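J.: Got a file for you: final-v3.cif, mmCIF, C-alpha atoms.
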data_target
#
loop_
_atom_site.label_atom_id
_atom_site.label_comp_id
_atom_site.auth_asym_id
_atom_site.auth_seq_id
_atom_site.Cartn_x
_atom_site.Cartn_y
_atom_site.Cartn_z
CA MET A 1 -127.94 40.23 -141.11
CA GLU A 2 -128.69 41.84 -137.76
CA TYR A 3 -125.98 41.62 -135.12
CA PRO A 4 -126.74 41.78 -131.38
CA ILE A 5 -125.59 44.64 -129.17
CA VAL A 6 -122.59 43.19 -127.35
CA VAL A 7 -119.89 45.80 -126.72
CA THR A 8 -122.11 48.28 -124.87
CA TYR A 9 -123.30 45.59 -122.46
CA LEU A 10 -119.78 44.18 -122.05
CA LEU A 11 -118.37 47.64 -121.27
CA ILE A 12 -121.12 48.24 -118.72
CA ALA A 13 -120.57 44.85 -117.08
CA VAL A 14 -116.78 45.20 -116.88
CA THR A 15 -117.00 48.77 -115.61
CA VAL A 16 -119.55 47.88 -112.95
CA LEU A 17 -117.53 44.84 -111.80
CA VAL A 18 -114.22 46.72 -111.66
CA SER A 19 -115.75 49.79 -109.99
CA VAL A 20 -117.59 47.77 -107.34
CA ARG A 21 -114.39 45.83 -106.64
CA ALA A 22 -112.48 49.12 -106.29
CA PHE A 23 -115.14 50.49 -103.91
CA ALA A 24 -114.12 47.68 -101.55
CA ASP A 25 -110.37 47.90 -102.27
CA ASP A 26 -108.97 51.41 -102.14
CA SER A 27 -105.48 50.20 -103.11
CA LEU A 28 -106.92 48.94 -106.41
CA LYS A 29 -108.48 52.34 -107.05
CA ARG A 30 -105.24 54.18 -106.19
CA LYS A 31 -103.17 51.86 -108.40
CA TYR A 32 -105.31 52.30 -111.55
CA MET A 33 -106.82 55.78 -111.33
CA PHE A 34 -105.46 58.46 -113.64
CA ASN A 35 -102.52 60.42 -112.25
CA ALA A 36 -100.81 62.59 -114.88
CA HIS A 37 -97.63 62.86 -112.80
CA ASP A 38 -97.25 59.07 -112.59
CA VAL A 39 -98.04 58.69 -116.29
CA VAL A 40 -95.41 61.21 -117.38
CA HIS A 41 -92.68 60.71 -114.78
CA TYR A 42 -93.03 56.99 -114.03
CA LYS A 43 -94.29 55.81 -117.44
CA LYS A 44 -97.51 54.33 -116.02
CA TRP A 45 -99.29 54.79 -119.36
CA TYR A 46 -101.83 52.09 -118.57
CA ARG A 47 -103.50 54.62 -116.23
CA CYS A 48 -104.62 56.56 -119.33
CA PHE A 49 -107.05 53.67 -119.90
CA THR A 50 -107.65 51.94 -116.56
CA HIS A 51 -109.16 55.02 -114.92
CA GLY A 52 -112.13 54.73 -117.30
CA PHE A 53 -113.25 51.53 -115.58
CA LEU A 54 -113.17 53.00 -112.06
CA HIS A 55 -115.68 55.33 -110.41
CA GLY A 56 -115.78 57.35 -107.22
CA ASP A 57 -119.13 56.08 -105.95
CA TYR A 58 -122.35 54.37 -106.99
CA MET A 59 -123.98 57.61 -108.17
CA HIS A 60 -121.02 58.39 -110.45
CA LEU A 61 -121.01 54.82 -111.76
CA GLY A 62 -124.78 54.71 -112.21
CA PHE A 63 -124.97 57.97 -114.12
CA ASN A 64 -122.14 57.08 -116.51
CA MET A 65 -123.47 53.59 -117.17
CA PHE A 66 -127.02 54.88 -117.71
CA VAL A 67 -125.83 57.40 -120.31
CA LEU A 68 -123.60 54.75 -121.94
CA TYR A 69 -126.60 52.41 -122.11
CA MET A 70 -128.87 55.08 -123.61
CA PHE A 71 -126.44 56.25 -126.30
CA GLY A 72 -124.15 53.23 -126.65
CA GLU A 73 -126.90 50.90 -127.83
CA ASN A 74 -127.82 53.34 -130.61
CA ILE A 75 -124.27 54.03 -131.77
CA GLU A 76 -123.23 50.38 -131.62
CA LYS A 77 -126.33 49.43 -133.64
CA ILE A 78 -125.56 52.13 -136.25
CA PHE A 79 -121.95 50.95 -136.47
CA LEU A 80 -123.11 47.35 -136.96
CA ILE A 81 -125.54 48.38 -139.70
CA GLU A 82 -122.91 50.49 -141.47
CA PHE A 83 -119.83 48.30 -140.99
CA GLY A 84 -121.07 44.78 -140.23
CA LEU A 85 -118.94 42.82 -137.78
CA ARG A 86 -116.26 45.54 -137.96
CA GLY A 87 -118.79 47.72 -136.13
CA TYR A 88 -117.89 45.93 -132.89
CA LEU A 89 -114.24 46.85 -133.31
CA LEU A 90 -114.99 50.41 -134.38
CA PHE A 91 -117.36 51.01 -131.47
CA SER A 92 -114.78 49.57 -129.06
CA LEU A 93 -112.13 51.87 -130.52
CA LEU A 94 -114.44 54.89 -130.21
CA TYR A 95 -114.93 54.11 -126.52
CA LEU A 96 -111.27 53.39 -125.77
CA MET A 97 -110.08 56.47 -127.66
CA GLY A 98 -112.63 58.49 -125.68
CA ILE A 99 -110.97 57.24 -122.49
CA LEU A 100 -107.51 58.08 -123.84
CA PHE A 101 -108.40 61.51 -125.25
CA SER A 102 -110.12 62.44 -122.01
CA THR A 103 -106.70 62.35 -120.30
CA ILE A 104 -104.91 64.72 -122.70
CA PRO A 105 -105.97 68.03 -121.07
CA ALA A 106 -105.00 66.76 -117.61
CA LEU A 107 -101.71 65.31 -118.91
CA ILE A 108 -100.79 68.77 -120.15
CA LYS A 109 -102.12 70.66 -117.12
CA HIS A 110 -101.14 68.32 -114.28
CA LYS A 111 -98.03 66.46 -115.44
CA ASP A 112 -96.01 67.90 -112.55
CA ASN A 113 -98.77 67.67 -109.93
CA PRO A 114 -98.50 64.33 -108.06
CA GLY A 115 -101.68 65.16 -106.12
CA TYR A 116 -103.98 65.28 -109.15
CA ASN A 117 -106.07 62.14 -109.68
CA SER A 118 -109.17 61.39 -111.69
CA LEU A 119 -111.31 58.43 -112.58
CA GLY A 120 -114.47 57.53 -114.41
CA ALA A 121 -115.86 56.70 -117.83
CA SER A 122 -117.15 60.23 -118.47
CA GLY A 123 -114.68 60.95 -121.26
CA ALA A 124 -115.53 57.73 -123.09
CA VAL A 125 -119.24 58.31 -122.54
CA SER A 126 -118.83 61.83 -123.93
CA ALA A 127 -117.21 60.33 -127.04
CA VAL A 128 -120.25 58.08 -127.51
CA VAL A 129 -122.69 60.96 -126.92
CA PHE A 130 -120.88 63.16 -129.44
CA ALA A 131 -120.79 60.32 -131.99
CA PHE A 132 -124.57 60.25 -131.57
CA ILE A 133 -124.75 64.04 -132.03
CA ILE A 134 -122.68 63.86 -135.22
CA ILE A 135 -124.64 60.94 -136.66
CA MET A 136 -128.09 62.15 -135.57
CA PRO A 137 -127.88 65.96 -135.32
CA GLN A 138 -131.67 66.43 -135.53
CA ALA A 139 -132.38 64.09 -132.58
CA GLN A 140 -133.91 65.78 -129.54
CA LEU A 141 -131.71 65.73 -126.42
CA GLY A 142 -132.08 67.10 -122.93
CA LEU A 143 -129.82 66.27 -120.00
CA LEU A 144 -128.89 67.89 -116.70
CA PHE A 145 -128.71 71.61 -117.32
CA ILE A 146 -131.08 71.56 -120.31
CA PRO A 147 -134.50 70.30 -119.10
CA ILE A 148 -136.26 70.93 -122.42
CA PRO A 149 -135.29 68.66 -125.34
CA ILE A 150 -133.42 70.51 -128.08
CA PRO A 151 -131.80 69.37 -131.34
CA ALA A 152 -128.54 67.51 -130.81
CA TYR A 153 -126.64 69.97 -133.02
CA ILE A 154 -127.53 72.71 -130.51
CA PHE A 155 -127.15 70.53 -127.42
CA GLY A 156 -123.55 69.57 -128.32
CA PRO A 157 -122.10 73.10 -128.42
CA LEU A 158 -124.08 74.11 -125.30
CA TYR A 159 -122.71 71.07 -123.47
CA LEU A 160 -119.14 71.94 -124.50
CA LEU A 161 -119.63 75.57 -123.39
CA TYR A 162 -121.00 74.43 -120.05
CA GLU A 163 -118.04 72.08 -119.53
CA TYR A 164 -115.56 74.78 -120.56
CA PHE A 165 -116.92 77.34 -118.11
CA ALA A 166 -117.35 74.77 -115.33
CA ASP A 167 -113.72 73.74 -115.85
CA LYS A 168 -112.56 77.39 -115.70
CA LYS A 169 -114.58 78.02 -112.55
CA GLY A 170 -113.23 74.87 -110.88
CA GLY A 171 -114.04 73.61 -107.43
CA THR A 172 -116.58 71.00 -108.54
CA GLY A 173 -114.42 67.91 -108.07
CA ILE A 174 -115.39 66.93 -111.61
CA ALA A 175 -112.86 66.61 -114.45
CA HIS A 176 -114.77 68.82 -116.89
CA ASP A 177 -111.70 68.88 -119.14
CA ALA A 178 -112.01 65.10 -119.49
CA HIS A 179 -115.57 65.50 -120.75
CA ILE A 180 -114.33 67.97 -123.37
CA GLY A 181 -111.38 65.77 -124.36
CA GLY A 182 -113.59 62.71 -124.75
CA ALA A 183 -116.19 64.63 -126.71
CA LEU A 184 -113.59 65.98 -129.12
#
Could you quickly redo this structure as structure tokens?

T.:
Amino acid sequence: MEYPIVVTYLLIAVTVLVSVRAFADDSLKRKYMFNAHDVVHYKKWYRCFTHGFLHGDYMHLGFNMFVLYMFGENIEKIFLIEFGLRGYLLFSLLYLMGILFSTIPALIKHKDNPGYNSLGASGAVSAVVFAFIIIMPQAQLGLLFIPIPIPAYIFGPLYLLYEYFADKKGGTGIAHDAHIGGAL
């Protein structure tokens, strides 16, 4: 039996709705974005998940949702083929754990920095992309800094290296460590 793609589209819809609402309501964004200090010192653990449904602007939102659409459909379909109806749950868990794991580096690094904030689905999207890389290592990929398609098993390590060095360099306003955490 073939099951329809549901979770990918639901995640996109919820993320777009919440992000657009937060664009118009800065207090909503401030309340739910990731802040390691608030998580650790004020036990606001929900922020380890809610930040994944918020974005800084339409470009940030559009890019993350485009990549989720491109890879999420494939991974959700594979999970449904392999696991039947449990595939919905497993794909949802992959995404949510990607959100959670994307916060671990910042929790360690910024737990005493009340000024550090981050938001976005990039960590969860990285989890989906790396699930694709693991499942389909021979697939040809090319994004951003790699204009020529290359095998996924080469793309993955190059992506992680790029994120590592971009994180070390700093100054980009992008939580590169979240991309690494989600991917892992």

J.: Once you add 3 Å to each side, what are the centre and edge lengths of the axis-aligned box holding all listed atoms of range 88-107 of chain A? One decimal in Å, as lines of an AutoDock Vina configuration file, if you can.

T.:
center_x = -109.8
center_y = 57.0
center_z = -126.0
size_x = 22.2
size_y = 28.1
size_z = 22.8

J.: I'd like to see the residues matched by the PyMOL selection byres ((chain A and resi 91) around 10) on this file, and ideally I'd get them as an MDAnalysis selection string.

T.: chainID A and resid 7:8 72 75:80 86:90 92:97 128 131

J.: Mind listing whatever residues come within 9 Å of the point (-108.2, 56.2, -124.9)? Use only C-alpha atoms, file coordinates, and give them as a PyMOL selection string.

T.: chain A and resi 48-49+52+93-103+123-124+182

J.: Could you spell out the hits of the PyMOL selection byres ((chain A and resi 55-57) around 6) on the shown file, as a count of residues only?

T.: 8

J.: Given all atoms listed in the file as the basis, pick out the residue of A:Gly142, A:Pro114, A:Pro151, A:Pro105 nearest to Tyr164 in chain A.

T.: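 Comparing A:Gly142, A:Pro114, A:Pro151, A:Pro105 against Tyr164 in chain A, the winner is A:Pro105.
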
J.: Identify which of the residues A:Leu158, A:Gly62, A:Ala106, A:Ser118 lies closest to Lys31 in chain A, counting only C-alpha atoms when measuring atom-to-atom distances.

T.: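 That would be A:Ser118, the residue with the smallest distance to Lys31 in chain A.
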
J.: What is the CA of Phe63 in chain A-CA of Lys109 in chain A distance in Å, reported with one decimal?

T.: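 Straight-line distance from CA of Phe63 in chain A to CA of Lys109 in chain A works out to 26.3 Å.
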
J.: Go through A:Leu141, A:Ala183, A:Ile174, A:Ile81 and flag the residue nearest Ala127 in chain A, using all atoms listed in the file for the distances.

T.: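 Among A:Leu141, A:Ala183, A:Ile174, A:Ile81, it is A:Ala183 that comes nearest to Ala127 in chain A.
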
J.: List the residues matched by the PyMOL selection byres ((chain A and resi 139) around 9) in the displayed structure as a PDB file with C-alpha atoms, keeping the file's coordinate frame, ordered by chain and then by residue number.

T.:
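What ended up in expr.pdb:
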ATOM      1  CA  PHE A 132    -124.570  60.250-131.570  1.00  0.00           C
ATOM      2  CA  ILE A 133    -124.750  64.040-132.030  1.00  0.00           C
ATOM      3  CA  MET A 136    -128.090  62.150-135.570  1.00  0.00           C
ATOM      4  CA  PRO A 137    -127.880  65.960-135.320  1.00  0.00           C
ATOM      5  CA  GLN A 138    -131.670  66.430-135.530  1.00  0.00           C
ATOM      6  CA  GLN A 140    -133.910  65.780-129.540  1.00  0.00           C
ATOM      7  CA  LEU A 141    -131.710  65.730-126.420  1.00  0.00           C
ATOM      8  CA  ILE A 150    -133.420  70.510-128.080  1.00  0.00           C
ATOM      9  CA  PRO A 151    -131.800  69.370-131.340  1.00  0.00           C
ATOM     10  CA  ALA A 152    -128.540  67.510-130.810  1.00  0.00           C
ATOM     11  CA  TYR A 153    -126.640  69.970-133.020  1.00  0.00           C
TER      12      TYR A 153
END

J.: Give me the residues within 12 Å of Leu107 in chain A as a list of chain:residue names, counting all atoms listed in the file and dropping any in the same chain fewer than 4 places off.

T.: A:Phe34, A:Asn35, A:Ala36, A:His37, A:Asp38, A:Val39, A:Val40, A:His41, A:Trp45, A:Arg47, A:Cys48, A:Leu100, A:Phe101, A:Ser102, A:Thr103, A:Lys111, A:Asp112, A:Asn113, A:Pro114, A:Tyr116, A:Asn117, A:Ser118, A:Asp177, A:Ala178, A:Gly181

J.: Would you work out the distance separating CA of Val129 in chain A from CA of Phe71 in chain A, expressed in Å to one decimal?

T.: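 Distance reported for this atom pair: 6.1 Å.
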
J.: One number please: CA of His176 in chain A to CA of Ser122 in chain A, in Å, one decimal.

T.: 9.1 Å

J.: Pick from A:Lys43, A:His110, A:Val6, A:Phe53: nearest to Asn74 in chain A, with only C-alpha atoms counted?

T.: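 Looking only at the distances to Asn74 in chain A, the closest residue turns out to be A:Val6.
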
J.: Kindly indicate which residue among A:Thr172, A:Ser126, A:Ile135, A:Pro147 lies nearest to Leu160 in chain A, using all atoms listed in the file for the distances.

T.: A:Ser126
